[in-house]
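Below: input.pdb (PDB, C-alpha atoms, pLDDT in the B column)
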ATOM      1  CA  MET A  44     -13.394   7.816 -14.200  1.00 57.00           C
ATOM      2  CA  SER A  45     -12.163  10.221 -11.546  1.00 76.00           C
ATOM      3  CA  GLY A  46      -8.750  11.821 -11.885  1.00 90.00           C
ATOM      4  CA  PHE A  47      -7.184   9.662  -9.186  1.00 92.00           C
ATOM      5  CA  GLN A  48      -8.399   6.466 -10.887  1.00 93.00           C
ATOM      6  CA  SER A  49      -6.219   7.189 -13.902  1.00 92.00           C
ATOM      7  CA  LEU A  50      -3.045   7.501 -11.806  1.00 95.00           C
ATOM      8  CA  ASP A  51      -0.621   4.580 -12.075  1.00 96.00           C
ATOM      9  CA  VAL A  52       0.146   4.885  -8.358  1.00 97.00           C
ATOM     10  CA  TYR A  53      -3.547   4.460  -7.527  1.00 97.00           C
ATOM     11  CA  ARG A  54      -3.951   1.465  -9.852  1.00 97.00           C
ATOM     12  CA  CYS A  55      -0.884  -0.230  -8.333  1.00 98.00           C
ATOM     13  CA  ALA A  56      -2.208   0.470  -4.829  1.00 98.00           C
ATOM     14  CA  VAL A  57      -5.554  -1.131  -5.699  1.00 97.00           C
ATOM     15  CA  GLN A  58      -3.776  -4.167  -7.174  1.00 97.00           C
ATOM     16  CA  PHE A  59      -1.771  -4.484  -3.970  1.00 97.00           C
ATOM     17  CA  LEU A  60      -4.965  -4.172  -1.922  1.00 96.00           C
ATOM     18  CA  ALA A  61      -6.512  -7.093  -3.822  1.00 95.00           C
ATOM     19  CA  ARG A  62      -3.423  -9.227  -3.142  1.00 91.00           C
ATOM     20  CA  ALA A  63      -3.370  -8.187   0.516  1.00 89.00           C
ATOM     21  CA  MET A  64      -7.026  -9.111   0.967  1.00 86.00           C
ATOM     22  CA  ASN A  65      -6.347 -12.505  -0.617  1.00 81.00           C
ATOM     23  CA  ARG A  66      -3.342 -12.963   1.673  1.00 69.00           C
ATOM     24  CA  ALA A  67      -5.405 -12.075   4.747  1.00 60.00           C
ATOM     25  CA  ALA A  68      -8.158 -14.475   3.683  1.00 55.00           C
ATOM     26  CA  VAL A  69      -5.775 -17.440   3.461  1.00 55.00           C
ATOM     27  CA  GLY A  70      -5.986 -17.960   7.196  1.00 47.00           C
ATOM     28  CA  THR A  71      -3.121 -15.906   8.546  1.00 48.00           C
ATOM     29  CA  SER A  72      -5.291 -13.943  10.958  1.00 49.00           C
ATOM     30  CA  GLY A  73      -4.723 -14.492  14.638  1.00 50.00           C
ATOM     31  CA  THR A  74      -1.058 -15.350  14.227  1.00 49.00           C
ATOM     32  CA  GLY A  75       0.709 -12.623  16.085  1.00 49.00           C
ATOM     33  CA  GLY A  76      -1.204  -9.579  14.859  1.00 49.00           C
ATOM     34  CA  ASN A  77       0.854  -8.637  11.831  1.00 58.00           C
ATOM     35  CA  PRO A  78      -1.314 -10.320   9.177  1.00 65.00           C
ATOM     36  CA  ASP A  79      -4.376  -8.756  10.826  1.00 80.00           C
ATOM     37  CA  GLN A  80      -2.807  -5.327  10.292  1.00 90.00           C
ATOM     38  CA  LEU A  81      -2.259  -5.918   6.580  1.00 94.00           C
ATOM     39  CA  ARG A  82      -5.872  -5.318   5.572  1.00 93.00           C
ATOM     40  CA  PRO A  83      -6.338  -1.814   7.064  1.00 95.00           C
ATOM     41  CA  ALA A  84      -2.831  -0.707   6.093  1.00 96.00           C
ATOM     42  CA  ALA A  85      -3.364  -1.880   2.500  1.00 97.00           C
ATOM     43  CA  LEU A  86      -6.756  -0.155   2.318  1.00 97.00           C
ATOM     44  CA  SER A  87      -5.243   3.082   3.619  1.00 98.00           C
ATOM     45  CA  ILE A  88      -2.936   3.424   0.605  1.00 98.00           C
ATOM     46  CA  PRO A  89      -5.491   3.940  -2.212  1.00 98.00           C
ATOM     47  CA  LEU A  90      -7.877   5.830   0.078  1.00 98.00           C
ATOM     48  CA  ASN A  91      -5.220   8.419   0.955  1.00 97.00           C
ATOM     49  CA  ILE A  92      -4.110   8.707  -2.673  1.00 97.00           C
ATOM     50  CA  ALA A  93      -7.706   9.338  -3.739  1.00 96.00           C
ATOM     51  CA  GLU A  94      -8.320  11.903  -1.004  1.00 96.00           C
ATOM     52  CA  GLY A  95      -4.990  13.604  -1.671  1.00 94.00           C
ATOM     53  CA  THR A  96      -5.824  14.212  -5.326  1.00 93.00           C
ATOM     54  CA  GLY A  97      -8.780  16.307  -4.198  1.00 90.00           C
ATOM     55  CA  ARG A  98      -6.571  18.568  -2.106  1.00 92.00           C
ATOM     56  CA  PHE A  99      -3.915  21.155  -2.833  1.00 91.00           C
ATOM     57  CA  GLY A 100      -0.465  22.088  -1.560  1.00 91.00           C
ATOM     58  CA  LYS A 101       0.572  20.958   1.901  1.00 93.00           C
ATOM     59  CA  ASP A 102      -2.778  19.261   2.503  1.00 94.00           C
ATOM     60  CA  GLN A 103      -2.348  17.116  -0.616  1.00 95.00           C
ATOM     61  CA  ARG A 104       1.224  16.283   0.340  1.00 95.00           C
ATOM     62  CA  ARG A 105       0.090  15.150   3.810  1.00 96.00           C
ATOM     63  CA  PHE A 106      -2.235  12.533   2.288  1.00 97.00           C
ATOM     64  CA  TYR A 107       0.533  11.249   0.024  1.00 97.00           C
ATOM     65  CA  ILE A 108       2.891  11.015   3.002  1.00 97.00           C
ATOM     66  CA  THR A 109       0.270   8.998   4.877  1.00 98.00           C
ATOM     67  CA  ALA A 110      -0.237   6.692   1.877  1.00 98.00           C
ATOM     68  CA  ARG A 111       3.531   6.175   1.614  1.00 98.00           C
ATOM     69  CA  GLY A 112       3.747   5.384   5.324  1.00 98.00           C
ATOM     70  CA  SER A 113       0.991   2.793   4.966  1.00 98.00           C
ATOM     71  CA  ALA A 114       2.821   1.215   2.012  1.00 98.00           C
ATOM     72  CA  LEU A 115       6.001   0.969   4.082  1.00 98.00           C
ATOM     73  CA  GLU A 116       3.995  -0.555   6.930  1.00 97.00           C
ATOM     74  CA  CYS A 117       2.653  -3.162   4.487  1.00 97.00           C
ATOM     75  CA  ALA A 118       6.203  -3.984   3.392  1.00 96.00           C
ATOM     76  CA  ALA A 119       7.186  -4.593   7.017  1.00 96.00           C
ATOM     77  CA  ILE A 120       4.100  -6.769   7.529  1.00 95.00           C
ATOM     78  CA  LEU A 121       5.060  -8.864   4.498  1.00 95.00           C
ATOM     79  CA  ASP A 122       8.532  -9.286   6.011  1.00 95.00           C
ATOM     80  CA  ALA A 123       6.917 -10.469   9.254  1.00 93.00           C
ATOM     81  CA  ILE A 124       4.659 -12.869   7.368  1.00 92.00           C
ATOM     82  CA  GLU A 125       7.710 -14.343   5.651  1.00 93.00           C
ATOM     83  CA  VAL A 126       9.870 -14.642   8.779  1.00 95.00           C
ATOM     84  CA  LEU A 127       6.966 -16.243  10.670  1.00 93.00           C
ATOM     85  CA  GLU A 128       6.783 -18.718   7.790  1.00 92.00           C
ATOM     86  CA  LEU A 129       3.167 -17.865   7.005  1.00 91.00           C
ATOM     87  CA  ALA A 130       4.130 -17.431   3.344  1.00 91.00           C
ATOM     88  CA  ALA A 131       7.183 -18.177   1.235  1.00 92.00           C
ATOM     89  CA  ALA A 132       9.241 -15.462  -0.461  1.00 93.00           C
ATOM     90  CA  PRO A 133       8.092 -16.410  -3.993  1.00 93.00           C
ATOM     91  CA  GLU A 134       4.464 -15.941  -2.940  1.00 92.00           C
ATOM     92  CA  LEU A 135       5.273 -12.435  -1.678  1.00 94.00           C
ATOM     93  CA  ARG A 136       7.347 -11.359  -4.689  1.00 95.00           C
ATOM     94  CA  GLN A 137       4.549  -9.724  -6.690  1.00 95.00           C
ATOM     95  CA  PRO A 138       2.987  -7.835  -3.750  1.00 95.00           C
ATOM     96  CA  ARG A 139       6.434  -6.548  -2.813  1.00 96.00           C
ATOM     97  CA  GLU A 140       7.069  -5.390  -6.380  1.00 96.00           C
ATOM     98  CA  LEU A 141       3.791  -3.469  -6.333  1.00 97.00           C
ATOM     99  CA  LEU A 142       4.765  -1.822  -3.048  1.00 98.00           C
ATOM    100  CA  VAL A 143       8.156  -0.792  -4.429  1.00 98.00           C
ATOM    101  CA  ARG A 144       6.389   0.901  -7.343  1.00 98.00           C
ATOM    102  CA  VAL A 145       3.854   2.590  -5.068  1.00 98.00           C
ATOM    103  CA  VAL A 146       6.480   3.890  -2.635  1.00 98.00           C
ATOM    104  CA  SER A 147       8.659   5.121  -5.485  1.00 97.00           C
ATOM    105  CA  MET A 148       5.833   7.007  -7.175  1.00 97.00           C
ATOM    106  CA  LEU A 149       4.553   8.498  -3.915  1.00 97.00           C
ATOM    107  CA  THR A 150       8.068   9.613  -2.974  1.00 97.00           C
ATOM    108  CA  LYS A 151       8.327  11.489  -6.268  1.00 96.00           C
ATOM    109  CA  MET A 152       4.862  12.999  -5.815  1.00 95.00           C
ATOM    110  CA  ILE A 153       5.755  14.168  -2.295  1.00 94.00           C
ATOM    111  CA  ARG A 154       9.075  15.685  -3.372  1.00 91.00           C
ATOM    112  CA  LEU A 155       7.755  17.383  -6.487  1.00 80.00           C
ATOM    113  CA  ASP A 156       4.218  18.138  -5.328  1.00 59.00           C
ATOM    114  CA  VAL A 157       3.129  16.709  -8.688  1.00 52.00           C
ATOM    115  CA  VAL A 158       0.165  14.520  -9.504  1.00 49.00           C
TER     116      VAL A 158
END

Final structure tokens representation of the file:
Amino acid sequence: MSGFQSLDVYRCAVQFLARAMNRAAVGTSGTGGNPDQLRPAALSIPLNIAEGTGRFGKDQRRFYITARGSALECAAILDAIEVLELAAAPELRQPRELLVRVVSMLTKMIRLDVV
């Protein structure tokens, strides 16, 4: 297992990705664009975490900032999915909880420059 694969933030991001892919597969595509954006935004999170762990200093921090931005984008997409009534709030609870954890951990990693 690579170093990034043992990180809780990476594991949570991958769990969110699985839920996002399932959400996108339920037939929400083509309904205003937002659900279509969920897949690439969700994929961006673990990819940037993985790439960031192979970097140092400001370069590493930049990848974590990008991952955090993608997580926040996913949160906004979930809000849009809910308000467009493509999914109910209870269905989105667990993905949102994963995103809260991911954003929190990435924020700490960005501030402390710690992996």

Pick out the residues sitting within 10 Å of A:Ser45, and hand them over as a ChimeraX atom specification; count all atoms listed in the file, and ignore anything fewer than 4 positions along from it in its own chain.
-> /A:49-50,93,96

Selection file, C-alpha atoms, as a compact mmCIF listing (two decimals), in the coordinates of the input:
# COMPACT_ATOMS: atom_id res chain seq x y z
CA SER A 49 -6.22 7.19 -13.90
CA LEU A 50 -3.04 7.50 -11.81
CA ALA A 93 -7.71 9.34 -3.74
CA THR A 96 -5.82 14.21 -5.33

Box for stretch 137-152 of chain A - axis-aligned, 5 Å on each of the six sides, all listed atoms - centre and size in Å to one decimal, as lines of an AutoDock Vina configuration file.
center_x = 5.8
center_y = 1.6
center_z = -5.0
size_x = 15.7
size_y = 32.7
size_z = 14.7

Atomic distance atom CA of A:Ala110 - atom CA of A:Ser87, expressed in Å with one decimal | 6.4 Å

Select all residues near (-5.3, -1.6, 6.9) (cut-off 10 Å, inclusive, file coordinates), counting only C-alpha atoms, and output them as a ChimeraX atom specification.
-> /A:60,63-64,78-88,113-114,116-117

By how many Å are atom CA of A:Ala123 and atom CA of A:Ala61 apart?
->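 Result for atom CA of A:Ala123 versus atom CA of A:Ala61: 19.0 Å, one decimal.
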
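Evaluated on this file, the PyMOL selection byres ((chain A and resi 58) around 12) matches Asp51, Val52, Tyr53, Arg54, Cys55, Ala56, Val57, Phe59, Leu60, Ala61, Arg62, Ala63, Met64, Asn65, Ala85, Leu86, Ile88, Pro89, Gln137, Pro138, Arg139, Glu140, Leu141, Leu142, Arg144 and Val145 of chain A.
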
Please dump the current selection as a compact mmCIF listing (two decimals), in the frame of the given file; keep C-alpha atoms.
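Resulting contents of selection_32.txt:
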# COMPACT_ATOMS: atom_id res chain seq x y z
CA ASP A 51 -0.62 4.58 -12.08
CA VAL A 52 0.15 4.88 -8.36
CA TYR A 53 -3.55 4.46 -7.53
CA ARG A 54 -3.95 1.46 -9.85
CA CYS A 55 -0.88 -0.23 -8.33
CA ALA A 56 -2.21 0.47 -4.83
CA VAL A 57 -5.55 -1.13 -5.70
CA PHE A 59 -1.77 -4.48 -3.97
CA LEU A 60 -4.96 -4.17 -1.92
CA ALA A 61 -6.51 -7.09 -3.82
CA ARG A 62 -3.42 -9.23 -3.14
CA ALA A 63 -3.37 -8.19 0.52
CA MET A 64 -7.03 -9.11 0.97
CA ASN A 65 -6.35 -12.50 -0.62
CA ALA A 85 -3.36 -1.88 2.50
CA LEU A 86 -6.76 -0.16 2.32
CA ILE A 88 -2.94 3.42 0.60
CA PRO A 89 -5.49 3.94 -2.21
CA GLN A 137 4.55 -9.72 -6.69
CA PRO A 138 2.99 -7.84 -3.75
CA ARG A 139 6.43 -6.55 -2.81
CA GLU A 140 7.07 -5.39 -6.38
CA LEU A 141 3.79 -3.47 -6.33
CA LEU A 142 4.76 -1.82 -3.05
CA ARG A 144 6.39 0.90 -7.34
CA VAL A 145 3.85 2.59 -5.07

Given the file above and the PyMOL selection byres ((chain A and resi 122) around 12), which residues are selected, and can you give them as a ChimeraX atom specification?
-> /A:77-78,81,115-121,123-132,134-136,138-139

So how many Å separate atom CA of A:Ile153 and atom CA of A:Gly46, to one decimal?
-> 17.5 Å

Do you know which residues are at most 12 Å from stretch 98-106 of chain A counting only C-alpha atoms, after dropping those on the same chain fewer than 2 positions away, and could you put them as a PDB file with C-alpha atoms, in the coordinates of the input?
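Final output, part_9.pdb:
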ATOM      1  CA  PHE A  47      -7.184   9.662  -9.186  1.00 92.00           C
ATOM      2  CA  SER A  87      -5.243   3.082   3.619  1.00 98.00           C
ATOM      3  CA  ILE A  88      -2.936   3.424   0.605  1.00 98.00           C
ATOM      4  CA  PRO A  89      -5.491   3.940  -2.212  1.00 98.00           C
ATOM      5  CA  LEU A  90      -7.877   5.830   0.078  1.00 98.00           C
ATOM      6  CA  ASN A  91      -5.220   8.419   0.955  1.00 97.00           C
ATOM      7  CA  ILE A  92      -4.110   8.707  -2.673  1.00 97.00           C
ATOM      8  CA  ALA A  93      -7.706   9.338  -3.739  1.00 96.00           C
ATOM      9  CA  GLU A  94      -8.320  11.903  -1.004  1.00 96.00           C
ATOM     10  CA  GLY A  95      -4.990  13.604  -1.671  1.00 94.00           C
ATOM     11  CA  THR A  96      -5.824  14.212  -5.326  1.00 93.00           C
ATOM     12  CA  ILE A 108       2.891  11.015   3.002  1.00 97.00           C
ATOM     13  CA  THR A 109       0.270   8.998   4.877  1.00 98.00           C
ATOM     14  CA  ALA A 110      -0.237   6.692   1.877  1.00 98.00           C
ATOM     15  CA  ARG A 111       3.531   6.175   1.614  1.00 98.00           C
ATOM     16  CA  GLY A 112       3.747   5.384   5.324  1.00 98.00           C
ATOM     17  CA  SER A 113       0.991   2.793   4.966  1.00 98.00           C
ATOM     18  CA  LEU A 149       4.553   8.498  -3.915  1.00 97.00           C
ATOM     19  CA  THR A 150       8.068   9.613  -2.974  1.00 97.00           C
ATOM     20  CA  LYS A 151       8.327  11.489  -6.268  1.00 96.00           C
ATOM     21  CA  MET A 152       4.862  12.999  -5.815  1.00 95.00           C
ATOM     22  CA  ILE A 153       5.755  14.168  -2.295  1.00 94.00           C
ATOM     23  CA  ARG A 154       9.075  15.685  -3.372  1.00 91.00           C
ATOM     24  CA  LEU A 155       7.755  17.383  -6.487  1.00 80.00           C
ATOM     25  CA  ASP A 156       4.218  18.138  -5.328  1.00 59.00           C
ATOM     26  CA  VAL A 157       3.129  16.709  -8.688  1.00 52.00           C
ATOM     27  CA  VAL A 158       0.165  14.520  -9.504  1.00 49.00           C
TER      28      VAL A 158
END
